[in-house]
$ cat protein.txt   # compact mmCIF, C-alpha atoms
# COMPACT_ATOMS: atom_id res chain seq x y z
CA MET A 198 34.93 -6.71 27.34
CA LEU A 199 35.02 -10.45 27.88
CA HIS A 200 34.00 -12.41 30.97
CA LYS A 201 36.92 -14.83 30.82
CA PRO A 202 36.09 -18.29 32.12
CA VAL A 203 38.50 -20.49 34.05
CA GLY A 204 40.37 -22.85 31.72
CA PHE A 205 41.29 -20.38 28.98
CA VAL A 206 44.69 -18.79 28.40
CA THR A 207 44.96 -15.06 27.86
CA THR A 208 46.92 -15.15 24.63
CA LEU A 209 46.31 -15.22 20.89
CA ALA A 210 47.75 -18.72 20.42
CA ASP A 211 48.94 -21.39 22.83
CA PRO A 212 51.74 -23.82 21.91
CA GLU A 213 50.29 -26.33 24.40
CA GLY A 214 46.96 -26.35 22.56
CA ARG A 215 44.89 -25.00 25.45
CA PRO A 216 41.80 -22.93 24.59
CA THR A 217 42.47 -19.21 24.17
CA VAL A 218 40.29 -16.24 24.99
CA VAL A 219 40.16 -15.21 21.32
CA SER A 220 38.33 -18.47 20.58
CA LEU A 221 35.41 -16.99 22.54
CA LEU A 222 35.13 -13.94 20.28
CA ALA A 223 32.85 -15.27 17.55
CA GLY A 224 31.58 -12.33 15.52
CA VAL A 225 34.47 -9.96 16.24
CA SER A 226 35.71 -8.90 12.81
CA SER A 227 38.81 -6.90 13.76
CA ARG A 228 42.05 -8.38 15.09
CA VAL A 229 42.15 -7.69 18.83
CA PHE A 230 44.58 -8.70 21.56
CA PRO A 231 44.20 -9.05 25.34
CA VAL A 232 44.94 -6.09 27.59
CA GLY A 233 47.01 -7.64 30.37
CA ARG A 234 46.42 -11.16 31.58
CA LEU A 235 44.26 -13.34 33.75
CA ASP A 236 45.84 -16.69 34.55
CA PHE A 237 44.41 -20.02 33.39
CA HIS A 238 42.68 -20.62 36.75
CA SER A 239 41.18 -17.11 37.08
CA SER A 240 38.03 -15.62 35.60
CA GLY A 241 36.51 -12.23 35.14
CA LEU A 242 36.79 -8.97 33.27
CA LEU A 243 39.28 -8.98 30.42
CA LEU A 244 39.57 -6.25 27.83
CA LEU A 245 40.61 -6.93 24.27
CA THR A 246 41.51 -4.12 21.89
CA ASP A 247 43.28 -3.11 18.72
CA ASP A 248 44.56 0.12 20.36
CA GLY A 249 48.18 -0.50 21.40
CA GLU A 250 48.68 2.81 23.22
CA LEU A 251 45.53 2.34 25.30
CA ALA A 252 46.56 -1.23 26.14
CA LEU A 253 50.03 -0.11 27.22
CA ARG A 254 48.66 2.61 29.49
CA LEU A 255 46.06 0.32 31.04
CA THR A 256 48.70 -2.25 31.97
CA HIS A 257 51.76 -0.15 32.84
CA PRO A 258 52.08 0.44 36.62
CA ARG A 259 53.05 4.09 36.00
CA TYR A 260 49.41 4.86 35.18
CA GLY A 261 48.10 3.23 38.37
CA ILE A 262 44.91 1.81 36.88
CA PRO A 263 43.14 -0.03 39.71
CA LYS A 264 42.06 -3.63 39.28
CA THR A 265 39.51 -5.10 41.68
CA TYR A 266 39.15 -8.81 42.37
CA VAL A 267 36.96 -11.06 44.46
CA ALA A 268 38.86 -14.02 45.87
CA LYS A 269 37.91 -17.10 47.84
CA VAL A 270 40.83 -17.93 50.12
CA LYS A 271 41.61 -20.81 52.45
CA GLY A 272 41.14 -19.93 56.09
CA VAL A 273 40.16 -16.54 57.45
CA PRO A 274 42.92 -13.91 57.37
CA SER A 275 43.44 -12.03 60.64
CA GLU A 276 43.36 -8.24 60.85
CA ALA A 277 47.16 -8.33 61.10
CA GLU A 278 47.43 -10.40 57.90
CA LEU A 279 45.05 -8.09 56.05
CA GLY A 280 47.13 -5.19 57.37
CA ARG A 281 50.22 -6.70 55.75
CA LEU A 282 48.41 -6.67 52.40
CA ALA A 283 47.24 -3.11 52.99
CA ASP A 284 50.80 -2.01 53.79
CA GLY A 285 52.40 -3.81 50.84
CA VAL A 286 53.32 -7.40 51.64
CA ARG A 287 56.70 -8.96 50.87
CA LEU A 288 56.14 -11.89 48.52
CA LEU A 289 57.78 -15.28 48.95
CA ASP A 290 60.35 -14.35 46.26
CA GLY A 291 61.43 -11.35 48.38
CA THR A 292 59.86 -8.60 46.26
CA ARG A 293 57.40 -6.21 47.84
CA CYS A 294 53.96 -5.40 46.46
CA ALA A 295 52.44 -1.96 46.51
CA PRO A 296 49.75 -1.44 49.17
CA ALA A 297 46.37 -3.01 48.42
CA ASP A 298 42.87 -2.09 49.49
CA VAL A 299 41.43 -5.30 50.94
CA ARG A 300 38.31 -6.22 52.89
CA VAL A 301 36.51 -9.37 53.94
CA ILE A 302 33.09 -9.68 52.32
CA ASP A 303 31.99 -13.09 53.65
CA THR A 304 33.25 -15.96 55.80
CA ARG A 305 32.01 -19.54 55.81
CA ASP A 306 33.57 -22.35 57.81
CA ASP A 307 37.26 -22.38 56.90
CA ARG A 308 36.91 -20.23 53.78
CA CYS A 309 36.73 -16.50 53.30
CA TRP A 310 35.69 -14.23 50.43
CA VAL A 311 37.66 -11.02 50.11
CA GLN A 312 37.64 -8.06 47.78
CA ILE A 313 41.06 -6.69 46.89
CA ARG A 314 42.04 -3.69 44.78
CA ILE A 315 45.57 -3.41 43.43
CA ASP A 316 47.20 -0.88 41.14
CA GLU A 317 50.16 -2.92 39.86
CA GLY A 318 48.96 -6.14 38.26
CA ARG A 319 52.19 -8.15 38.22
CA ASN A 320 52.17 -11.81 37.19
CA ARG A 321 49.77 -13.77 39.45
CA GLU A 322 50.10 -10.94 41.97
CA VAL A 323 46.89 -11.47 43.96
CA ARG A 324 47.55 -15.20 44.30
CA ARG A 325 51.15 -14.52 45.37
CA MET A 326 50.01 -11.91 47.91
CA PHE A 327 47.66 -14.36 49.63
CA ASP A 328 50.31 -17.10 49.47
CA ALA A 329 52.61 -14.71 51.37
CA ILE A 330 50.12 -14.50 54.25
CA HIS A 331 49.47 -18.28 54.12
CA HIS A 332 45.90 -18.07 52.78
CA PRO A 333 46.06 -19.55 49.25
CA VAL A 334 43.45 -18.48 46.72
CA ASP A 335 40.89 -21.11 45.70
CA LYS A 336 38.95 -18.91 43.26
CA LEU A 337 39.79 -15.53 41.74
CA ARG A 338 37.62 -13.26 39.60
CA ARG A 339 38.44 -9.75 38.33
CA VAL A 340 35.31 -7.65 38.72
CA ARG A 341 36.62 -4.20 37.82
CA LEU A 342 39.32 -2.61 35.67
CA GLY A 343 39.65 1.13 36.09
CA PRO A 344 36.19 2.61 35.52
CA LEU A 345 34.76 -0.58 33.98
CA LYS A 346 32.72 -3.12 35.96
CA LEU A 347 32.11 -6.71 34.91
CA GLY A 348 28.51 -6.46 36.05
CA LYS A 349 26.18 -9.27 34.97
CA LEU A 350 28.01 -10.24 31.78
CA PRO A 351 27.71 -14.06 31.64
CA THR A 352 30.84 -16.20 31.84
CA GLY A 353 32.28 -16.70 28.36
CA ALA A 354 30.27 -13.83 26.88
CA TRP A 355 31.64 -10.60 25.46
CA ARG A 356 30.27 -7.21 24.54
CA GLU A 357 31.59 -4.12 22.83
CA LEU A 358 32.25 -1.09 24.99
CA ASP A 359 30.06 1.90 24.32
CA ALA A 360 31.55 5.27 23.37
CA GLY A 361 31.19 6.58 26.94
CA GLU A 362 33.09 3.62 28.38
CA VAL A 363 35.89 4.05 25.85
CA ALA A 364 36.07 7.77 26.69
CA GLU A 365 36.26 6.95 30.43
CA LEU A 366 39.10 4.47 29.84
CA ARG A 367 41.02 6.92 27.67
CA ALA A 368 40.57 9.69 30.26
CA ALA A 369 41.73 7.38 33.05
CA VAL A 370 45.07 6.90 31.29
CA GLY A 371 45.47 10.47 30.04
CA LEU A 372 44.59 9.97 26.38
$ encode --input "protein.txt" --output "structure tokens"
Amino acid sequence: MLHKPVGFVTTLADPEGRPTVVSLLAGVSSRVFPVGRLDFHSSGLLLLTDDGELALRLTHPRYGIPKTYVAKVKGVPSEAELGRLADGVRLLDGTRCAPADVRVIDTRDDRCWVQIRIDEGRNREVRRMFDAIHHPVDKLRRVRLGPLKLGKLPTGAWRELDAGEVAELRAAVGL
């Protein structure tokens, strides 16, 4: 588990020369790859593994593994706008997202912090969902993936999962 910082790409190598998440893994002896993605401007919980079947099941929508994020958005979404996210909002490209579990956790001035849980995880999905309701995301951090919580892991730090955590992940995806 890595606490991905903003400004790193979730890939093994970047043709543009940007820093990659694997550059943060000093001391990891086996070859691992990211499970899913967090965009360049997002932070939070990212798994890396050498288990291809586990990675596939954690990322494929068929398995419905929930991902929870905390987002700072511009403005304060109305109940109706949050309801659109909860019902499955139509994105600006015309596609529809699956329903999300969303709640406001704090408001300050013209900014709002929300927690949102999704089960799909399409490309930049949370950002695109809030764009669709006209409340762009300023900051986005993944705090949970399935049964795993980011907790107090410092930004840029990583730790190995314990046997119980691995068993919980495998059970969550039917392995």
$ residues_around --input "protein.txt" --residues "A:Lys336" --least-positions-apart "2" --cutoff "9 Å" --atoms "only C-alpha atoms" --output "PyMOL selection string"
chain A and resi 238-240+267-270+334+338
$ write_last_selection --input "protein.txt" --atoms "C-alpha atoms" --output "short mmCIF file (atom, residue, chain, number, x, y, z; two decimals), in the frame of the given file"
data_model
loop_
_atom_site.label_atom_id
_atom_site.label_comp_id
_atom_site.auth_asym_id
_atom_site.auth_seq_id
_atom_site.Cartn_x
_atom_site.Cartn_y
_atom_site.Cartn_z
CA HIS A 238 42.68 -20.62 36.75
CA SER A 239 41.18 -17.11 37.08
CA SER A 240 38.03 -15.62 35.60
CA VAL A 267 36.96 -11.06 44.46
CA ALA A 268 38.86 -14.02 45.87
CA LYS A 269 37.91 -17.10 47.84
CA VAL A 270 40.83 -17.93 50.12
CA VAL A 334 43.45 -18.48 46.72
CA ARG A 338 37.62 -13.26 39.60
#
$ closest_residue --input "protein.txt" --among "A:Leu245, A:Val219, A:Leu350, A:Val203" --to "A:Pro231" --atoms "all atoms listed in the file"
A:Leu245
$ residues_around --input "protein.txt" --residues "A:Leu222" --least-positions-apart "3" --cutoff "10 Å" --atoms "only C-alpha atoms" --output "list in words"
Leu199, Thr217, Val218, Val219, Val225, Ser226, Val229, Leu245, Gly353, Ala354, Trp355 and Arg356 of chain A
$ atom_distance --input "protein.txt" --atom1 "atom CA of A:Glu357" --atom2 "atom CA of A:Asp236"
22.3 Å
$ residues_around --input "protein.txt" --residues "A:Gly233" --least-positions-apart "5" --cutoff "9 Å" --atoms "all atoms listed in the file" --output "PyMOL selection string"
chain A and resi 207+243-245+252-253+255-256+318
